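Written out below as structure tokens is the structure these notes cover.
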Protein chains: 2
Amino acid sequence: MQEKDVIERLRRLATDPAARGLRDDTALLEGLVLTHDSMAEGVHFLSTDPPASVGWKLVAVNLSDLAGKGARPAGALLSMVLSDPDWDAGIIDGIEAACESYGLPLLGGDTIALPVGAPRVYGLTAIGRAGTHTPSRAGGRPGDRLWLAGTLGDSAAGLALLEGKPAVPGPLSEVYQRPIPLLEMGQALAPSAKAMMDVSDGLLIDLQRLCDASGCGAAIDLERLPLSNAFIAERGNGREARLFAATGGDDYALLAALPDSVDPVSLSLPIAPTLTCIGQLVDGSGLVIEDRDGDVPVPERLGYEHHA
Amino acid sequence: MQEKDVIERLRRLATDPAARGLRDDTALLEGLVLTHDSMAEGVHFLSTDPPASVGWKLVAVNLSDLAGKGARPAGALLSMVLSDPDWDAGIIDGIEAACESYGLPLLGGDTIALPVGAPRVYGLTAIGRAGTHTPSRAGGRPGDRLWLAGTLGDSAAGLALLEGKPAVPGPLSEVYQRPIPLLEMGQALAPSAKAMMDVSDGLLIDLQRLCDASGCGAAIDLERLPLSNAFIAERGNGREARLFAATGGDDYALLAALPDSVDPVSLSLPIAPTLTCIGQLVDGSGLVIEDRDGDVPVPERLGYEHHA
């Protein structure tokens, strides 16, 4: 089965309203927002990544799910694997740094060994306290404007650099290894957002998911996608670079559908990151992409999907 | 690091009261009991186990943690790995059967791929609603009587049979592959229990953990350990068999410390499983084991511990 087939099958077990039909990265149960993401060596991180960055990222990607719902961190359960002592200590260093940075107490979990030689697999369940409104993916409507908090493509560009030369430090590889969950921005946007999610598998695939859940399509302007100076210096600023940024994944940006009547300037937002209007939701079901040269063919690969 | 060294290090991150100092299998946050257990191929299950039994067991072992706290199932987050279609379908069959049997709605989680050839690793976070009292491991006091719900050793004996001949069906291998979480018994005992936990790694090691958390020792009568007829038929009833049962693990029995003044006959208990007084908590810190022939040397290996 492919990822979407498995999820379709699991959806049959997810009839509780708290599951939101598995169309969200998170569940909402009695005021708590719950999410779980696992990370496997060779899939979600490189064997050459410093273990402290792997530990950091494990926490950060789960907090990004909470950020996408405007939740405040309440606690975490860790699924830890035993490896060699230096690696284990590094993983815990990174987890500790991220937990302390974002006020996330470790509440429990388990510690297991894997067979000798097995790729390491870590999991984290993050629990957040919901705010006054917890936007799902499903509330967007044609006419809503699409806002993106953060920049796109840095992490994918950083990963490409690291796959060539593991020791290369720099701002792009830093984004890949130590993503920043946009918790304050998510909390500030959530009360106004009709739909919101974090962008983790790539803007286009995640936007398509938001559209599918909301029952509409989207039109975006490729020129408006926010790119960092470091990204532009590495990859340029043209259509190819922008499509790379829109499909690369691991961004941990936030994507929000706000009613046309809401001007984010009127909201009390944190200074960073940038918030950019990239398009709007439209009638229909698919994605329409434009840039200065006109219509952009929608890429076959919208982002990252797992296949067995 | 060994498992206990890693846990000691993680305890520094677990300062929130909800974490209960990581001395419990579960966390308690705003009326919800939270637990996470992972299961790895070649460690927690055999490659020859039917996938449906692996899926069942993944749910059951987590529900057993909730049972140990007297909680009622509220929901689960699943960490699913993509494998071959038949295996994936079997895993989901087992998860579905267990979720339906115990009223556990699937609320979310994630689905990942692992590198080719990697052992499969599944995780589940189970969330329960706490009852009026959620006993930790730490509330036991010298003089409390130790009660065990369920039987011991069936699963370990079943595993030993399966390791020899994977195709052997029978009551012992059935217990290993399809453990039953004692949810009703846990709910019935929790209001009276000063300390309670499920027995998953072996009675002796788990009792030692309860003693460590409660700051006391324990004396148990090996003769009183509840054994099933199937276990006795396979392994006998002597000291060696009873020590095997007390250290084998995977029992998913419940261990409760009840005040001497509480007679479980006065409680409204489910008809099954059996509830047996196996000893009491005492002053000191270690375990004292007796049988009809007198003092029994405490085995060096008290149960199952992970080592890298």
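Chain lettering (A, B, ...) mirrors the order of the structure tokens, residue numbering begins at 1 for each chain separately, and ligand numbering begins at 1 in order of display.
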
| request: Return as a PyMOL selection string the residues belonging to chain B that are within 7 Å of chain A, counting only C-alpha atoms. | output: chain B and resi 1+3+13-16+18-19+22+26-27+35-38+40+42-43+77+79+82-85+96+105-115+118-119+306-308

| request: as a ChimeraX atom specification, please: all residues of range 83-171 of chain A that backbone DSSP puts in alpha helix (DSSP H). | output: /A:85-102,154-164,171

| message | as a VMD selection string, please: the residues near Pro181 in chain B (cut-off 9 Å, only C-alpha atoms, same-chain neighbours under 5 positions excluded). | response | chain B and resid 60 to 67 102 252 to 253

| request: Give me, please, the distance in Å between CA of Thr151 in chain A and CA of Pro273 in chain A, quoted to one decimal. | output: 8.0 Å

Determine, counting only C-alpha atoms, which protein, DNA and RNA residues have an atom within 7 Å of an atom of range 162-179 of chain A; residues of the same chain fewer than 3 positions away are not included. Present the result as a PDB file with N, CA, C and O atoms, in the first residue's frame.
ATOM      1  N   THR A  48      24.840  10.928   8.954  1.00  0.00           N
ATOM      2  CA  THR A  48      25.926  11.887   9.205  1.00  0.00           C
ATOM      3  C   THR A  48      25.434  13.141   9.931  1.00  0.00           C
ATOM      4  O   THR A  48      26.243  14.004  10.264  1.00  0.00           O
ATOM      5  N   SER A  53      21.294  17.501  16.547  1.00  0.00           N
ATOM      6  CA  SER A  53      20.348  18.138  15.622  1.00  0.00           C
ATOM      7  C   SER A  53      19.172  17.211  15.347  1.00  0.00           C
ATOM      8  O   SER A  53      18.048  17.664  15.130  1.00  0.00           O
ATOM      9  N   VAL A  54      19.402  15.897  15.373  1.00  0.00           N
ATOM     10  CA  VAL A  54      18.299  14.949  15.192  1.00  0.00           C
ATOM     11  C   VAL A  54      17.324  15.060  16.371  1.00  0.00           C
ATOM     12  O   VAL A  54      16.099  15.088  16.185  1.00  0.00           O
ATOM     13  N   TRP A  56      16.921  17.668  18.336  1.00  0.00           N
ATOM     14  CA  TRP A  56      16.244  18.960  18.202  1.00  0.00           C
ATOM     15  C   TRP A  56      15.097  18.864  17.203  1.00  0.00           C
ATOM     16  O   TRP A  56      13.982  19.287  17.462  1.00  0.00           O
ATOM     17  N   LYS A  57      15.412  18.268  16.059  1.00  0.00           N
ATOM     18  CA  LYS A  57      14.419  18.230  14.972  1.00  0.00           C
ATOM     19  C   LYS A  57      13.200  17.390  15.358  1.00  0.00           C
ATOM     20  O   LYS A  57      12.069  17.736  15.010  1.00  0.00           O
ATOM     21  N   ALA A  60      11.155  19.668  17.284  1.00  0.00           N
ATOM     22  CA  ALA A  60      10.700  20.834  16.518  1.00  0.00           C
ATOM     23  C   ALA A  60       9.608  20.478  15.516  1.00  0.00           C
ATOM     24  O   ALA A  60       8.651  21.233  15.337  1.00  0.00           O
ATOM     25  N   ASP A 154      14.569  26.517   2.000  1.00  0.00           N
ATOM     26  CA  ASP A 154      15.881  26.529   2.658  1.00  0.00           C
ATOM     27  C   ASP A 154      16.307  25.127   3.075  1.00  0.00           C
ATOM     28  O   ASP A 154      17.443  24.708   2.854  1.00  0.00           O
ATOM     29  N   SER A 155      15.389  24.412   3.691  1.00  0.00           N
ATOM     30  CA  SER A 155      15.732  23.108   4.241  1.00  0.00           C
ATOM     31  C   SER A 155      16.067  22.113   3.124  1.00  0.00           C
ATOM     32  O   SER A 155      17.058  21.378   3.212  1.00  0.00           O
ATOM     33  N   ALA A 156      15.252  22.108   2.067  1.00  0.00           N
ATOM     34  CA  ALA A 156      15.521  21.179   0.963  1.00  0.00           C
ATOM     35  C   ALA A 156      16.847  21.520   0.289  1.00  0.00           C
ATOM     36  O   ALA A 156      17.604  20.624  -0.105  1.00  0.00           O
ATOM     37  N   ALA A 157      17.133  22.810   0.166  1.00  0.00           N
ATOM     38  CA  ALA A 157      18.425  23.204  -0.410  1.00  0.00           C
ATOM     39  C   ALA A 157      19.565  22.816   0.525  1.00  0.00           C
ATOM     40  O   ALA A 157      20.637  22.378   0.084  1.00  0.00           O
ATOM     41  N   GLY A 158      19.339  22.959   1.816  1.00  0.00           N
ATOM     42  CA  GLY A 158      20.355  22.567   2.795  1.00  0.00           C
ATOM     43  C   GLY A 158      20.610  21.068   2.764  1.00  0.00           C
ATOM     44  O   GLY A 158      21.760  20.615   2.819  1.00  0.00           O
ATOM     45  N   LEU A 159      19.536  20.281   2.637  1.00  0.00           N
ATOM     46  CA  LEU A 159      19.692  18.827   2.550  1.00  0.00           C
ATOM     47  C   LEU A 159      20.499  18.441   1.308  1.00  0.00           C
ATOM     48  O   LEU A 159      21.391  17.588   1.373  1.00  0.00           O
ATOM     49  N   ALA A 230      19.714  33.446   1.471  1.00  0.00           N
ATOM     50  CA  ALA A 230      20.622  32.294   1.363  1.00  0.00           C
ATOM     51  C   ALA A 230      20.117  31.330   0.288  1.00  0.00           C
ATOM     52  O   ALA A 230      20.913  30.785  -0.499  1.00  0.00           O
ATOM     53  N   TYR A 252       8.518  23.607   7.614  1.00  0.00           N
ATOM     54  CA  TYR A 252       7.950  23.991   8.910  1.00  0.00           C
ATOM     55  C   TYR A 252       7.531  25.454   8.911  1.00  0.00           C
ATOM     56  O   TYR A 252       7.646  26.151   9.914  1.00  0.00           O
TER      57      TYR A 252
END

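Minimum atom-to-atom distance to Ser268 in chain B, evaluated using only C-alpha atoms, belongs to B:Met185 out of B:Leu58, B:Met185, B:Cys216, B:Ala241.
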
Who sits within 8 Å of Arg72 in chain B, only C-alpha atoms, same chain under 6 positions skipped, as a tab-separated table (two decimals) with all heavy atoms, in the first residue's frame:
chain	number	residue	atom	x	y	z
B	66	LEU	N	-2.87	1.82	30.55
B	66	LEU	CA	-4.04	2.57	31.04
B	66	LEU	C	-4.75	1.77	32.13
B	66	LEU	O	-5.20	2.34	33.14
B	66	LEU	CB	-5.02	2.86	29.89
B	66	LEU	CG	-4.54	3.75	28.74
B	66	LEU	CD1	-5.71	4.06	27.82
B	66	LEU	CD2	-3.89	5.03	29.24
B	128	GLY	N	-6.12	7.94	27.96
B	128	GLY	CA	-7.27	7.48	28.73
B	128	GLY	C	-7.83	8.60	29.60
B	128	GLY	O	-7.13	9.57	29.89
B	129	ARG	N	-9.08	8.45	29.98
B	129	ARG	CA	-9.67	9.38	30.93
B	129	ARG	C	-9.44	8.83	32.34
B	129	ARG	O	-9.78	7.67	32.62
B	129	ARG	CB	-11.17	9.57	30.66
B	129	ARG	CG	-11.42	10.32	29.37
B	129	ARG	CD	-12.88	10.72	29.20
B	129	ARG	NE	-13.02	11.50	27.96
B	129	ARG	CZ	-13.14	10.95	26.73
B	129	ARG	NH1	-13.17	9.64	26.59
B	129	ARG	NH2	-13.22	11.73	25.67
B	130	ALA	N	-8.86	9.65	33.19
B	130	ALA	CA	-8.57	9.21	34.55
B	130	ALA	C	-9.86	9.05	35.34
B	130	ALA	O	-10.85	9.75	35.09
B	130	ALA	CB	-7.67	10.23	35.23
B	131	GLY	N	-9.83	8.12	36.28
B	131	GLY	CA	-10.95	7.96	37.20
B	131	GLY	C	-10.79	8.90	38.39
B	131	GLY	O	-10.03	9.88	38.34
B	183	LEU	N	-8.66	-3.85	31.65
B	183	LEU	CA	-9.18	-2.50	31.86
B	183	LEU	C	-10.22	-2.44	32.98
B	183	LEU	O	-10.15	-1.57	33.85
B	183	LEU	CB	-9.78	-1.97	30.55
B	183	LEU	CG	-8.72	-1.57	29.51
B	183	LEU	CD1	-9.31	-1.53	28.12
B	183	LEU	CD2	-8.11	-0.20	29.87
B	187	GLN	N	-9.93	-0.48	36.56
B	187	GLN	CA	-10.88	0.56	36.98
B	187	GLN	C	-11.49	0.23	38.34
B	187	GLN	O	-11.75	1.12	39.15
B	187	GLN	CB	-11.97	0.73	35.92
B	187	GLN	CG	-11.45	1.36	34.62
B	187	GLN	CD	-12.33	1.07	33.42
B	187	GLN	OE1	-13.52	0.80	33.56
B	187	GLN	NE2	-11.75	1.11	32.23

| field | Polymer residues at most 7 Å from Gly249 in chain B, only C-alpha atoms, same-chain spacing of 3 or more positions, as a list in words | value | Ala156, Ser200, Asp201, Gly202, Gly303 and Tyr304 of chain B

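Residues within 6 Å of Gly68 in chain A, counting only C-alpha atoms and excluding same-chain residues fewer than 2 positions away, are Asp65, Leu66, Gly70, Gly186, Met196, Met197 and Asp198 of chain A.
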
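Relative to CA of Pro264 in chain B, CA of Ala188 in chain B is found at 9.6 Å.
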
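Reported to one decimal place, the separation of CA of Ala190 in chain A from CA of Val33 in chain A is 13.1 Å.
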
| request: Taking the chain letters and numbering used in this document, name the residues of range 88-195 of chain B that DSSP puts in strand (DSSP E), as an MDAnalysis selection string. | output: chainID B and resid 106:113 121:129 145:149 195
